[in-house]
>>> print(open('coords28.csv').read())   # CSV, C-alpha atoms and all ligand atoms
chain,number,residue,atom,x,y,z
A,634,MET,CA,-32.7,-33.2,15.7
A,635,GLY,CA,-32.7,-29.8,17.4
A,636,ILE,CA,-35.3,-27.3,18.5
A,637,ASN,CA,-36.5,-24.0,17.3
A,638,ILE,CA,-37.2,-21.2,19.8
A,639,LEU,CA,-40.3,-19.8,18.2
A,640,ALA,CA,-40.6,-16.9,20.5
A,641,THR,CA,-39.3,-15.4,23.8
A,642,GLY,CA,-41.1,-13.4,26.5
A,643,ALA,CA,-40.1,-11.7,29.7
A,644,TYR,CA,-41.4,-9.9,32.8
A,645,VAL,CA,-39.6,-8.0,35.5
A,646,PRO,CA,-41.3,-6.3,38.5
A,647,GLN,CA,-41.5,-2.5,38.6
A,648,GLN,CA,-39.6,-2.0,41.8
A,649,THR,CA,-35.9,-1.3,41.4
A,650,LEU,CA,-33.3,-1.5,44.2
A,651,THR,CA,-30.1,0.4,43.5
A,652,ASN,CA,-26.7,-0.4,45.1
A,653,ASP,CA,-27.2,2.7,47.3
A,654,ASP,CA,-30.5,1.4,48.5
A,655,PHE,CA,-28.7,-1.4,50.2
A,656,LYS,CA,-27.1,1.1,52.6
A,657,ARG,CA,-30.4,0.9,54.4
A,658,PHE,CA,-29.8,-2.7,55.4
A,659,VAL,CA,-26.1,-3.4,55.4
A,660,ASP,CA,-22.7,-1.7,55.6
A,661,THR,CA,-21.9,-1.5,51.8
A,662,ASN,CA,-21.5,1.0,49.0
A,663,ASP,CA,-22.1,1.3,45.2
A,664,GLU,CA,-18.3,1.3,44.4
A,665,TRP,CA,-17.7,-2.1,46.2
A,666,ILE,CA,-20.8,-3.8,44.6
A,667,ARG,CA,-20.0,-2.5,41.1
A,668,THR,CA,-16.3,-3.4,41.1
A,669,ARG,CA,-16.7,-6.8,42.8
A,670,THR,CA,-19.8,-7.9,40.9
A,671,GLY,CA,-20.7,-5.6,38.0
A,672,ILE,CA,-24.2,-5.1,39.4
A,673,SER,CA,-25.8,-1.6,39.6
A,674,GLU,CA,-29.4,-2.4,40.3
A,675,ARG,CA,-31.9,-5.2,40.4
A,676,ARG,CA,-35.7,-5.7,40.4
A,677,MET,CA,-37.8,-6.7,43.5
A,678,ALA,CA,-41.1,-8.5,43.3
A,679,GLY,CA,-42.4,-7.1,46.5
A,680,TRP,CA,-45.9,-8.6,46.8
A,681,GLU,CA,-46.1,-9.8,43.2
A,682,PRO,CA,-46.3,-13.6,43.3
A,683,ASN,CA,-43.6,-15.6,41.5
A,684,TRP,CA,-46.3,-17.3,39.5
A,685,TYR,CA,-47.6,-13.9,38.3
A,686,MET,CA,-44.3,-13.0,36.9
A,687,GLY,CA,-43.9,-16.4,35.2
A,688,ALA,CA,-47.4,-16.1,33.7
A,689,GLN,CA,-46.8,-12.6,32.3
A,690,ALA,CA,-43.6,-13.8,30.6
A,691,ALA,CA,-45.4,-16.9,29.3
A,692,LYS,CA,-48.3,-14.9,27.9
A,693,GLN,CA,-45.9,-12.6,26.0
A,694,ALA,CA,-44.0,-15.6,24.5
A,695,ILE,CA,-47.3,-17.3,23.4
A,696,GLU,CA,-48.6,-14.1,21.8
A,697,ARG,CA,-45.3,-13.5,20.0
A,698,ALA,CA,-45.2,-17.1,18.8
A,699,GLY,CA,-48.7,-16.6,17.3
A,700,ILE,CA,-50.0,-19.9,18.6
A,701,SER,CA,-53.1,-20.8,20.6
A,702,PRO,CA,-52.3,-21.7,24.3
A,703,GLU,CA,-54.3,-24.9,23.7
A,704,GLU,CA,-51.7,-26.1,21.2
A,705,ILE,CA,-49.0,-26.3,24.0
A,706,GLY,CA,-48.5,-29.9,25.0
A,707,PHE,CA,-46.1,-29.5,27.9
A,708,ILE,CA,-45.2,-26.7,30.4
A,709,ILE,CA,-41.9,-26.9,32.3
A,710,THR,CA,-41.2,-24.2,34.9
A,711,ALA,CA,-37.7,-23.8,36.2
A,712,THR,CA,-37.8,-22.3,39.6
A,713,ALA,CA,-36.0,-22.5,42.9
A,714,THR,CA,-38.3,-20.0,44.6
A,715,SER,CA,-41.8,-21.4,44.1
A,716,ASP,CA,-44.7,-19.6,45.9
A,717,PHE,CA,-46.0,-23.0,47.0
A,718,HIS,CA,-44.6,-26.4,47.9
A,719,THR,CA,-47.6,-27.6,45.9
A,720,PRO,CA,-49.2,-27.0,43.4
A,721,SER,CA,-46.4,-26.4,40.9
A,722,MET,CA,-45.8,-23.0,39.4
A,723,ALA,CA,-46.3,-24.7,36.0
A,724,SER,CA,-49.9,-25.7,37.0
A,725,VAL,CA,-50.7,-22.2,38.1
A,726,ILE,CA,-49.1,-20.7,34.9
A,727,GLN,CA,-51.3,-23.2,33.0
A,728,ARG,CA,-54.4,-21.8,34.6
A,729,GLU,CA,-53.3,-18.2,33.9
A,730,THR,CA,-52.4,-18.8,30.2
A,731,GLY,CA,-55.2,-21.2,29.3
A,732,ALA,CA,-52.7,-23.8,28.0
A,733,LEU,CA,-55.2,-26.4,29.2
A,734,ASN,CA,-54.1,-29.3,27.0
A,735,ALA,CA,-50.6,-29.4,28.5
A,736,ALA,CA,-48.9,-31.6,31.1
A,737,ALA,CA,-47.2,-29.3,33.6
A,738,PHE,CA,-44.5,-29.6,36.2
A,739,ASP,CA,-41.7,-27.7,37.9
A,740,MET,CA,-38.0,-28.5,37.9
A,741,ASN,CA,-35.4,-27.2,40.3
A,742,ALA,CA,-31.8,-27.1,39.1
A,743,ALA,CA,-31.3,-23.7,40.7
A,744,CYS,CA,-29.6,-21.2,38.4
A,745,SER,CA,-28.9,-23.9,35.8
A,746,GLY,CA,-32.7,-24.5,35.6
A,747,PHE,CA,-33.4,-23.0,32.3
A,748,VAL,CA,-30.8,-25.0,30.4
A,749,TYR,CA,-32.0,-28.2,32.2
A,750,ALA,CA,-35.6,-27.3,31.3
A,751,LEU,CA,-34.8,-26.6,27.7
A,752,ASP,CA,-33.0,-29.9,27.2
A,753,ASN,CA,-35.9,-31.7,28.8
A,754,ALA,CA,-38.3,-29.9,26.6
A,755,ARG,CA,-36.4,-31.1,23.5
A,756,ARG,CA,-36.4,-34.6,24.8
A,757,TYR,CA,-40.1,-34.5,25.4
A,758,LEU,CA,-40.8,-33.0,22.0
A,759,GLN,CA,-38.8,-35.7,20.3
A,760,THR,CA,-40.3,-38.7,22.1
A,761,GLU,CA,-44.0,-37.7,22.6
A,762,PRO,CA,-45.9,-37.9,19.4
A,763,GLY,CA,-48.5,-35.2,18.9
A,764,VAL,CA,-46.7,-32.6,21.1
A,765,LYS,CA,-46.1,-29.6,18.9
A,766,TYR,CA,-45.0,-26.9,21.3
A,767,VAL,CA,-43.5,-26.8,24.8
A,768,LEU,CA,-43.6,-23.7,27.0
A,769,VAL,CA,-40.5,-23.3,29.1
A,770,VAL,CA,-40.8,-20.7,31.9
A,771,ALA,CA,-38.0,-19.6,34.3
A,772,THR,CA,-39.4,-17.5,37.1
A,773,GLU,CA,-37.7,-16.5,40.3
A,774,ALA,CA,-38.3,-14.4,43.4
A,775,LEU,CA,-35.0,-14.6,45.1
A,776,SER,CA,-35.9,-11.6,47.3
A,777,ARG,CA,-38.2,-13.9,49.3
A,778,PHE,CA,-35.2,-15.9,50.5
A,779,VAL,CA,-32.3,-13.5,50.5
A,780,ASP,CA,-30.9,-12.6,53.9
A,781,PHE,CA,-30.9,-8.8,53.9
A,782,GLU,CA,-28.5,-8.8,56.8
A,783,ASP,CA,-25.8,-10.7,54.8
A,784,ARG,CA,-23.9,-8.1,52.8
A,785,GLY,CA,-21.9,-10.8,50.9
A,786,SER,CA,-25.0,-12.3,49.3
A,787,CYS,CA,-28.0,-9.9,49.5
A,788,ILE,CA,-26.6,-7.5,46.9
A,789,LEU,CA,-26.3,-10.2,44.3
A,790,PHE,CA,-29.9,-11.2,43.6
A,791,GLY,CA,-32.9,-9.9,41.8
A,792,ASP,CA,-36.4,-11.1,40.7
A,793,GLY,CA,-37.8,-11.7,37.2
A,794,ALA,CA,-39.1,-14.2,34.7
A,795,ALA,CA,-38.7,-15.2,31.1
A,796,ALA,CA,-40.3,-17.8,28.8
A,797,VAL,CA,-39.8,-19.5,25.5
A,798,ILE,CA,-42.0,-21.5,23.2
A,799,VAL,CA,-40.0,-24.3,21.6
A,800,GLU,CA,-40.8,-26.7,18.7
A,801,ASN,CA,-39.0,-29.5,16.9
A,802,SER,CA,-36.6,-28.6,14.2
A,803,ASP,CA,-33.5,-29.8,12.3
A,804,LYS,CA,-31.4,-26.9,13.6
A,805,LEU,CA,-28.1,-27.4,15.3
A,806,TYR,CA,-28.4,-28.5,18.9
A,807,SER,CA,-26.2,-29.9,21.7
A,808,ALA,CA,-26.5,-29.8,25.4
A,809,ALA,CA,-24.6,-31.1,28.4
A,810,LEU,CA,-25.8,-31.1,32.0
A,811,GLY,CA,-23.9,-31.9,35.2
A,812,SER,CA,-23.9,-31.7,39.0
A,813,ASP,CA,-21.6,-32.0,41.9
A,814,GLY,CA,-23.7,-32.7,45.0
A,815,THR,CA,-20.7,-32.6,47.3
A,816,GLY,CA,-21.0,-28.8,47.0
A,817,ALA,CA,-24.7,-28.8,48.0
A,818,PRO,CA,-24.2,-27.0,51.3
A,819,PHE,CA,-22.3,-24.1,49.7
A,820,LEU,CA,-25.5,-22.5,48.4
A,821,CYS,CA,-28.7,-23.4,50.1
A,822,ALA,CA,-32.0,-22.2,51.5
A,823,ARG,CA,-34.1,-24.5,53.8
A,824,SER,CA,-37.7,-24.8,52.9
A,825,MET,CA,-39.3,-26.3,55.9
A,826,GLN,CA,-38.5,-26.6,59.6
A,827,ILE,CA,-39.1,-29.5,61.9
A,828,ALA,CA,-42.1,-28.9,64.1
A,829,PRO,CA,-40.8,-28.1,67.6
A,830,GLU,CA,-43.4,-30.5,69.1
A,831,ILE,CA,-41.8,-33.5,67.5
A,832,ARG,CA,-38.2,-32.5,67.5
A,833,ILE,CA,-35.8,-34.6,69.5
A,834,GLU,CA,-32.2,-33.7,70.3
A,835,SER,CA,-29.9,-35.2,67.7
A,836,ASP,CA,-26.4,-34.9,66.5
A,837,PHE,CA,-27.5,-35.6,62.9
A,838,GLU,CA,-25.1,-33.8,60.6
A,839,ASP,CA,-25.7,-33.4,56.9
A,840,GLY,CA,-23.9,-30.2,56.2
A,841,PHE,CA,-27.1,-28.1,56.5
A,842,THR,CA,-27.9,-28.3,60.2
A,843,ASP,CA,-26.0,-25.1,61.0
A,844,LYS,CA,-27.5,-23.2,58.1
A,845,PRO,CA,-30.1,-20.5,58.7
A,846,LEU,CA,-33.8,-21.4,58.4
A,847,HIS,CA,-35.6,-20.0,55.3
A,848,LYS,CA,-32.7,-17.7,54.4
A,849,LEU,CA,-30.4,-18.1,51.5
A,850,TYR,CA,-26.9,-19.1,52.7
A,851,GLN,CA,-23.8,-19.1,50.4
A,852,ASP,CA,-20.1,-19.6,50.8
A,853,GLY,CA,-19.2,-17.0,48.2
A,854,LYS,CA,-15.7,-18.1,47.7
A,855,ALA,CA,-16.5,-21.8,47.3
A,856,VAL,CA,-19.3,-20.9,44.7
A,857,TYR,CA,-16.9,-18.6,42.9
A,858,LYS,CA,-14.3,-21.3,42.6
A,859,PHE,CA,-16.8,-23.8,41.2
A,860,ALA,CA,-18.4,-21.2,38.8
A,861,VAL,CA,-15.2,-20.2,37.0
A,862,LYS,CA,-14.6,-23.8,36.1
A,863,ALA,CA,-18.3,-24.8,35.6
A,864,LEU,CA,-19.0,-22.1,32.9
A,865,PRO,CA,-16.3,-23.2,30.5
A,866,THR,CA,-17.0,-26.9,31.2
A,867,ALA,CA,-20.7,-26.4,30.4
A,868,PHE,CA,-19.7,-25.1,27.0
A,869,GLU,CA,-16.9,-27.5,26.3
A,870,LYS,CA,-18.9,-30.6,27.1
A,871,ALA,CA,-21.8,-29.5,24.9
A,872,ALA,CA,-19.5,-28.4,22.1
A,873,ALA,CA,-17.5,-31.6,22.1
A,874,LYS,CA,-20.6,-33.6,21.3
A,875,ILE,CA,-21.0,-31.8,17.9
A,876,GLY,CA,-17.4,-30.8,17.3
A,877,ILE,CA,-18.0,-27.1,17.4
A,878,SER,CA,-15.4,-24.5,18.5
A,879,ALA,CA,-15.9,-21.4,20.6
A,880,GLU,CA,-14.9,-19.2,17.6
A,881,GLU,CA,-17.9,-20.6,15.7
A,882,ILE,CA,-20.4,-19.3,18.3
A,883,ASP,CA,-22.0,-15.9,17.6
A,884,TRP,CA,-23.2,-15.2,21.1
A,885,PHE,CA,-22.5,-16.6,24.6
A,886,ILE,CA,-25.4,-16.1,27.1
A,887,PRO,CA,-24.0,-17.0,30.5
A,888,HIS,CA,-25.7,-17.2,33.9
A,889,GLN,CA,-25.6,-13.6,35.2
A,890,ALA,CA,-24.1,-14.0,38.7
A,891,ASN,CA,-20.9,-11.9,38.7
A,892,VAL,CA,-19.2,-10.2,35.7
A,893,ARG,CA,-15.8,-11.3,37.1
A,894,ILE,CA,-16.9,-15.0,36.8
A,895,ILE,CA,-17.9,-14.3,33.2
A,896,GLU,CA,-14.6,-12.5,32.4
A,897,THR,CA,-12.6,-15.5,33.8
A,898,ALA,CA,-14.7,-18.0,31.8
A,899,ALA,CA,-14.3,-15.8,28.6
A,900,LYS,CA,-10.5,-15.8,29.1
A,901,HIS,CA,-10.4,-19.6,29.6
A,902,LEU,CA,-12.5,-20.1,26.4
A,903,GLY,CA,-10.4,-17.6,24.5
A,904,VAL,CA,-13.5,-15.6,23.6
A,905,PRO,CA,-13.7,-11.7,23.7
A,906,MET,CA,-16.1,-10.3,26.2
A,907,GLU,CA,-17.9,-8.5,23.4
A,908,LYS,CA,-19.4,-11.9,22.5
A,909,PHE,CA,-21.0,-12.3,25.9
A,910,ILE,CA,-24.5,-10.9,26.5
A,911,ILE,CA,-24.5,-9.1,29.9
A,912,THR,CA,-27.7,-8.0,31.7
A,913,LEU,CA,-26.5,-8.4,35.3
A,914,ASP,CA,-25.7,-4.7,35.6
A,915,HIS,CA,-29.5,-4.0,35.6
A,916,TYR,CA,-31.1,-7.3,36.8
A,917,GLY,CA,-28.5,-8.8,39.1
A,918,ASN,CA,-28.6,-12.6,39.5
A,919,THR,CA,-32.2,-13.8,38.8
A,920,SER,CA,-31.2,-17.5,39.1
A,921,SER,CA,-32.8,-19.6,36.4
A,922,ALA,CA,-34.5,-16.6,34.8
A,923,SER,CA,-31.2,-14.9,34.1
A,924,ILE,CA,-30.2,-16.7,30.8
A,925,PRO,CA,-33.7,-16.4,29.2
A,926,LEU,CA,-34.0,-12.8,30.4
A,927,ALA,CA,-30.7,-12.0,28.7
A,928,LEU,CA,-31.8,-13.9,25.5
A,929,ASN,CA,-35.1,-12.1,25.4
A,930,GLU,CA,-33.4,-8.7,25.8
A,931,ALA,CA,-30.8,-9.5,23.1
A,932,VAL,CA,-33.5,-10.6,20.7
A,933,GLU,CA,-35.6,-7.5,21.4
A,934,LYS,CA,-32.6,-5.2,20.8
A,935,GLY,CA,-31.8,-7.0,17.5
A,936,ILE,CA,-28.5,-8.2,18.9
A,937,VAL,CA,-29.2,-12.0,18.6
A,938,LYS,CA,-30.6,-12.7,15.1
A,939,ARG,CA,-32.2,-15.7,13.4
A,940,GLY,CA,-29.6,-18.2,12.1
A,941,GLN,CA,-27.0,-17.3,14.7
A,942,LYS,CA,-25.4,-19.8,17.0
A,943,ILE,CA,-25.8,-19.3,20.7
A,944,ALA,CA,-24.2,-21.0,23.6
A,945,MET,CA,-26.2,-20.7,26.9
A,946,ILE,CA,-24.1,-21.7,29.8
A,947,GLY,CA,-25.2,-21.8,33.5
A,948,PHE,CA,-24.2,-22.9,36.9
A,949,GLY,CA,-25.9,-22.8,40.3
A,950,ALA,CA,-26.8,-24.4,43.6
A,951,GLY,CA,-26.5,-28.1,43.7
A,952,LEU,CA,-23.9,-27.4,42.6
A,953,THR,CA,-25.2,-27.8,39.0
A,954,TYR,CA,-24.1,-26.7,35.6
A,955,GLY,CA,-25.5,-26.9,32.1
A,956,GLY,CA,-24.7,-25.8,28.6
A,957,ALA,CA,-26.9,-25.7,25.5
A,958,ILE,CA,-25.7,-24.7,22.0
A,959,ILE,CA,-28.5,-23.9,19.6
A,960,GLU,CA,-29.1,-22.1,16.3
A,961,PHE,CA,-31.6,-19.3,17.0
B,1001,LIG,N1,-20.1,-4.3,50.6
B,1001,LIG,C1,-18.9,-4.0,51.1
B,1001,LIG,N2,-18.0,-4.9,51.6
B,1001,LIG,C2,-18.3,-6.2,51.4
B,1001,LIG,C3,-19.6,-6.6,50.9
B,1001,LIG,C4,-20.5,-5.6,50.5
B,1001,LIG,N3,-21.6,-5.9,49.9
B,1001,LIG,N4,-19.6,-8.0,50.9
B,1001,LIG,C5,-18.5,-8.4,51.4
B,1001,LIG,N5,-17.7,-7.3,51.8
B,1001,LIG,C6,-16.4,-7.3,52.4
B,1001,LIG,C7,-16.1,-8.6,53.1
B,1001,LIG,O1,-16.6,-8.5,54.4
B,1001,LIG,C8,-14.6,-8.6,53.1
B,1001,LIG,O2,-14.2,-7.7,54.1
B,1001,LIG,P1,-12.9,-8.0,55.1
B,1001,LIG,O3,-11.7,-8.2,54.1
B,1001,LIG,O4,-12.8,-6.8,56.0
B,1001,LIG,O5,-13.2,-9.3,55.7
B,1001,LIG,C9,-14.2,-8.0,51.8
B,1001,LIG,O6,-15.4,-7.3,51.3
B,1001,LIG,C10,-13.8,-9.0,50.8
B,1001,LIG,O7,-14.8,-10.0,50.8
B,1001,LIG,P2,-14.7,-11.3,49.9
B,1001,LIG,O8,-15.8,-12.3,50.3
B,1001,LIG,O9,-13.3,-11.8,49.8
B,1001,LIG,O10,-15.1,-10.6,48.5
B,1001,LIG,P3,-15.0,-11.3,47.1
B,1001,LIG,O11,-14.2,-10.4,46.2
B,1001,LIG,O12,-14.8,-12.7,47.1
B,1001,LIG,O13,-16.5,-11.1,46.6
B,1001,LIG,C11,-18.6,-12.3,46.3
B,1001,LIG,C12,-17.6,-11.7,47.3
B,1001,LIG,C13,-19.8,-12.9,47.0
B,1001,LIG,C14,-19.1,-11.1,45.4
B,1001,LIG,C15,-17.9,-13.3,45.4
B,1001,LIG,O14,-17.3,-14.3,46.2
B,1001,LIG,C16,-18.9,-14.1,44.5
B,1001,LIG,O15,-19.4,-13.5,43.5
B,1001,LIG,N6,-19.1,-15.4,44.7
B,1001,LIG,C17,-20.0,-16.2,43.9
B,1001,LIG,C18,-21.4,-16.0,44.4
B,1001,LIG,C19,-22.4,-16.4,43.4
B,1001,LIG,O16,-22.3,-16.3,42.3
B,1001,LIG,N7,-23.5,-16.9,44.0
B,1001,LIG,C20,-24.7,-17.3,43.2
B,1001,LIG,C21,-24.4,-18.5,42.3
B,1001,LIG,S1,-25.7,-18.9,41.3
>>> encode(input="coords28.csv", output="structure tokens")
Amino acid sequence: MGINILATGAYVPQQTLTNDDFKRFVDTNDEWIRTRTGISERRMAGWEPNWYMGAQAAKQAIERAGISPEEIGFIITATATSDFHTPSMASVIQRETGALNAAAFDMNAACSGFVYALDNARRYLQTEPGVKYVLVVATEALSRFVDFEDRGSCILFGDGAAAVIVENSDKLYSAALGSDGTGAPFLCARSMQIAPEIRIESDFEDGFTDKPLHKLYQDGKAVYKFAVKALPTAFEKAAAKIGISAEEIDWFIPHQANVRIIETAAKHLGVPMEKFIITLDHYGNTSSASIPLALNEAVEKGIVKRGQKIAMIGFGAGLTYGGAIIEF
């Protein structure tokens, strides 16, 4: 049993930051950023809350699905950049959309979050009688955590949200999720600090103690090394479960981190780049939102069509990875 993506929706904030805009913060230039990453510009949420972006994307998906919000039985929000430690973004999006008969929670698998959430949506649909529709939202405001003094990382990220409505179907489906926690310190952002009043001197070492407070830290080279293996692995593990080959896939929708990572993965899989949907040039890396944003854009442009086979493959902090093969 698979799922049907009934509809997609998306929302990106108005404010755009071009590569040249980064010259205001760090020593960089458009040529370096474009050739090393493929990114030209990205959106910035500014004061727009993360939940607002998620709710806008969700409302569009609900409207396009032609369902009543009250028919939604479950809301899963993938986010690594929640506005609140509590409540969840999913609960706030529930309030905004009026999907008041749903259970709601957030999941954080960083940039792999959408694939994780989609697979959990499917499992919930198939095991919870009476649940007809699940709303999956991926919404991210990376700009809140990015260190605008670190030229190796700040130029990569952008903000945005996308959503899908899913239902049970007998369409083709396979997914594989994975994680390598030994790489956790390679990409991290601390959410809380210890109150100075209760802090005692300690030599406690967990790999995070020397990382900055509240700012995103990454070891770019270590993440790159992981990513070029994780993307093909995400596909191969999901594909092996149903005996499908890369040639049978119509479209690959990869996590949009760096076009060089995607090119290396494409070469490994023996798939031409023309089969990869790329949006990182105008959105940058929007973490968990990047795969559904790309899916939504490809559907809107008529590139991805009903009946086609899509492989969504992601990787991210954790270090996590995940692949989902579906028939659209
Ligand atoms: N502008 C200009 N120069 C820059 C720069 C920038 N924005 N960022 C780094 N540089 C410089 C470095 O300081 C270094 O200079 P040096 O040789 O004088 O020391 C030089 O460019 C090369 O840096 P390096 O780190 O080797 O570049 P790279 O080709 O490995 O690219 C990343 C760096 C971050 C783009 C790349 O490693 C990457 O994409 N990693 C994966 C990150 C990722 O995907 N994170 C999110 C995962 S979900």
>>> atom_distance(input="coords28.csv", atom1="atom CA of Glu729 of chain A", atom2="atom CA of Phe778 of chain A")
24.7 Å
>>> residues_around(input="coords28.csv", residues="segment 903-913 of chain A", least_positions_apart="5", cutoff="10 Å", atoms="all atoms listed in the file", output="PyMOL selection string")
chain A and resi 670-675+789-791+879-880+882-892+895-898+918-919+923-924+926-928+930-931+936-937+943-945
>>> residues_near_ligand(input="coords28.csv", ligand="ligand LIG 1001 (chain B)", cutoff="9 Å", atoms="all atoms listed in the file", output="ChimeraX atom specification")
/A:652,655,659-666,668-670,743-745,783-790,820,851-860,888-894,918-921,947-950,952
>>> atom_distance(input="coords28.csv", atom1="atom CA of Val861 of chain A", atom2="atom CA of His901 of chain A")
8.8 Å
>>> closest_residue(input="coords28.csv", among="A:Ala873, A:Ala863, A:Trp680, A:Tyr766", to="Ala694 of chain A", atoms="all atoms listed in the file")
A:Tyr766
>>> residues_around(input="coords28.csv", residues="Ile959 of chain A", least_positions_apart="5", cutoff="9 Å", atoms="only C-alpha atoms", output="ChimeraX atom specification")
/A:635-637,804-808,941-945
>>> atom_distance(input="coords28.csv", atom1="atom CA of Ala736 of chain A", atom2="atom CA of Val767 of chain A")
9.6 Å
>>> closest_residue(input="coords28.csv", among="A:Thr772, A:His847, A:Ser701, A:Leu758", to="Met722 of chain A", atoms="only C-alpha atoms")
A:Thr772
>>> residues_around(input="coords28.csv", residues="Asp739 of chain A", least_positions_apart="3", cutoff="6 Å", atoms="all atoms listed in the file", output="ChimeraX atom specification")
/A:709-711,721,723
>>> write_last_selection(input="coords28.csv", atoms="C-alpha atoms", output="PDB file, in the coordinates of the input")
ATOM      1  CA  ILE A 709     -41.900 -26.900  32.300  1.00  0.00           C
ATOM      2  CA  THR A 710     -41.200 -24.200  34.900  1.00  0.00           C
ATOM      3  CA  ALA A 711     -37.700 -23.800  36.200  1.00  0.00           C
ATOM      4  CA  SER A 721     -46.400 -26.400  40.900  1.00  0.00           C
ATOM      5  CA  ALA A 723     -46.300 -24.700  36.000  1.00  0.00           C
TER       6      ALA A 723
END
>>> closest_residue(input="coords28.csv", among="A:Tyr757, A:Tyr644, A:Phe819, A:Phe658", to="Gly951 of chain A", atoms="all atoms listed in the file")
A:Phe819
>>> residues_around(input="coords28.csv", residues="segment 715-719 of chain A", least_positions_apart="4", cutoff="9 Å", atoms="only C-alpha atoms", output="PyMOL selection string")
chain A and resi 682-684+739+772-774+824
>>> residues_near_point(input="coords28.csv", point="(-33.7, -3.8, 45.5)", cutoff="6 Å", atoms="all atoms listed in the file", output="ChimeraX atom specification")
/A:649-651,675-677
>>> closest_residue(input="coords28.csv", among="A:Glu704, A:Asp803, A:Phe738, A:Gly876", to="Phe961 of chain A", atoms="all atoms listed in the file")
A:Asp803
>>> closest_residue(input="coords28.csv", among="A:Thr712, A:Thr760, A:Asn741, A:Asn929", to="Thr953 of chain A", atoms="only C-alpha atoms")
A:Asn741
>>> residues_near_point(input="coords28.csv", point="(-36.9, -27.0, 30.4)", cutoff="8 Å", atoms="all atoms listed in the file", output="ChimeraX atom specification")
/A:709-711,740,746-754,769-770
>>> closest_residue(input="coords28.csv", among="A:Gly642, A:Met634, A:Phe707, A:Lys848", to="Pro925 of chain A", atoms="all atoms listed in the file")
A:Gly642
>>> decode(input="coords28.csv", residues="segment 772-783 of chain A", atoms="N, CA and C atoms", output="PDB file, in the first residue's frame")
ATOM      1  N   THR A 772       8.520  23.413   7.267  1.00  0.00           N
ATOM      2  CA  THR A 772       8.640  24.871   7.326  1.00  0.00           C
ATOM      3  C   THR A 772       9.907  25.252   8.080  1.00  0.00           C
ATOM      4  N   GLU A 773      10.681  26.139   7.487  1.00  0.00           N
ATOM      5  CA  GLU A 773      12.007  26.419   8.052  1.00  0.00           C
ATOM      6  C   GLU A 773      12.373  27.899   7.948  1.00  0.00           C
ATOM      7  N   ALA A 774      12.928  28.404   9.033  1.00  0.00           N
ATOM      8  CA  ALA A 774      13.471  29.766   9.062  1.00  0.00           C
ATOM      9  C   ALA A 774      14.933  29.679   9.517  1.00  0.00           C
ATOM     10  N   LEU A 775      15.764  29.138   8.637  1.00  0.00           N
ATOM     11  CA  LEU A 775      17.193  28.952   8.946  1.00  0.00           C
ATOM     12  C   LEU A 775      17.880  30.270   9.270  1.00  0.00           C
ATOM     13  N   SER A 776      17.348  31.370   8.698  1.00  0.00           N
ATOM     14  CA  SER A 776      18.010  32.665   8.884  1.00  0.00           C
ATOM     15  C   SER A 776      18.079  33.065  10.358  1.00  0.00           C
ATOM     16  N   ARG A 777      17.205  32.457  11.197  1.00  0.00           N
ATOM     17  CA  ARG A 777      17.242  32.764  12.637  1.00  0.00           C
ATOM     18  C   ARG A 777      18.495  32.223  13.313  1.00  0.00           C
ATOM     19  N   PHE A 778      19.071  31.168  12.725  1.00  0.00           N
ATOM     20  CA  PHE A 778      20.192  30.477  13.377  1.00  0.00           C
ATOM     21  C   PHE A 778      21.517  30.664  12.650  1.00  0.00           C
ATOM     22  N   VAL A 779      21.427  31.081  11.392  1.00  0.00           N
ATOM     23  CA  VAL A 779      22.652  31.193  10.594  1.00  0.00           C
ATOM     24  C   VAL A 779      23.600  32.228  11.195  1.00  0.00           C
ATOM     25  N   ASP A 780      24.886  31.917  11.178  1.00  0.00           N
ATOM     26  CA  ASP A 780      25.902  32.848  11.665  1.00  0.00           C
ATOM     27  C   ASP A 780      26.328  33.723  10.484  1.00  0.00           C
ATOM     28  N   PHE A 781      25.850  34.959  10.462  1.00  0.00           N
ATOM     29  CA  PHE A 781      26.126  35.843   9.320  1.00  0.00           C
ATOM     30  C   PHE A 781      27.559  36.386   9.322  1.00  0.00           C
ATOM     31  N   GLU A 782      28.388  35.820  10.220  1.00  0.00           N
ATOM     32  CA  GLU A 782      29.826  36.149  10.161  1.00  0.00           C
ATOM     33  C   GLU A 782      30.630  34.974   9.615  1.00  0.00           C
ATOM     34  N   ASP A 783      29.959  33.840   9.373  1.00  0.00           N
ATOM     35  CA  ASP A 783      30.645  32.639   8.870  1.00  0.00           C
ATOM     36  C   ASP A 783      30.367  32.496   7.375  1.00  0.00           C
TER      37      ASP A 783
END
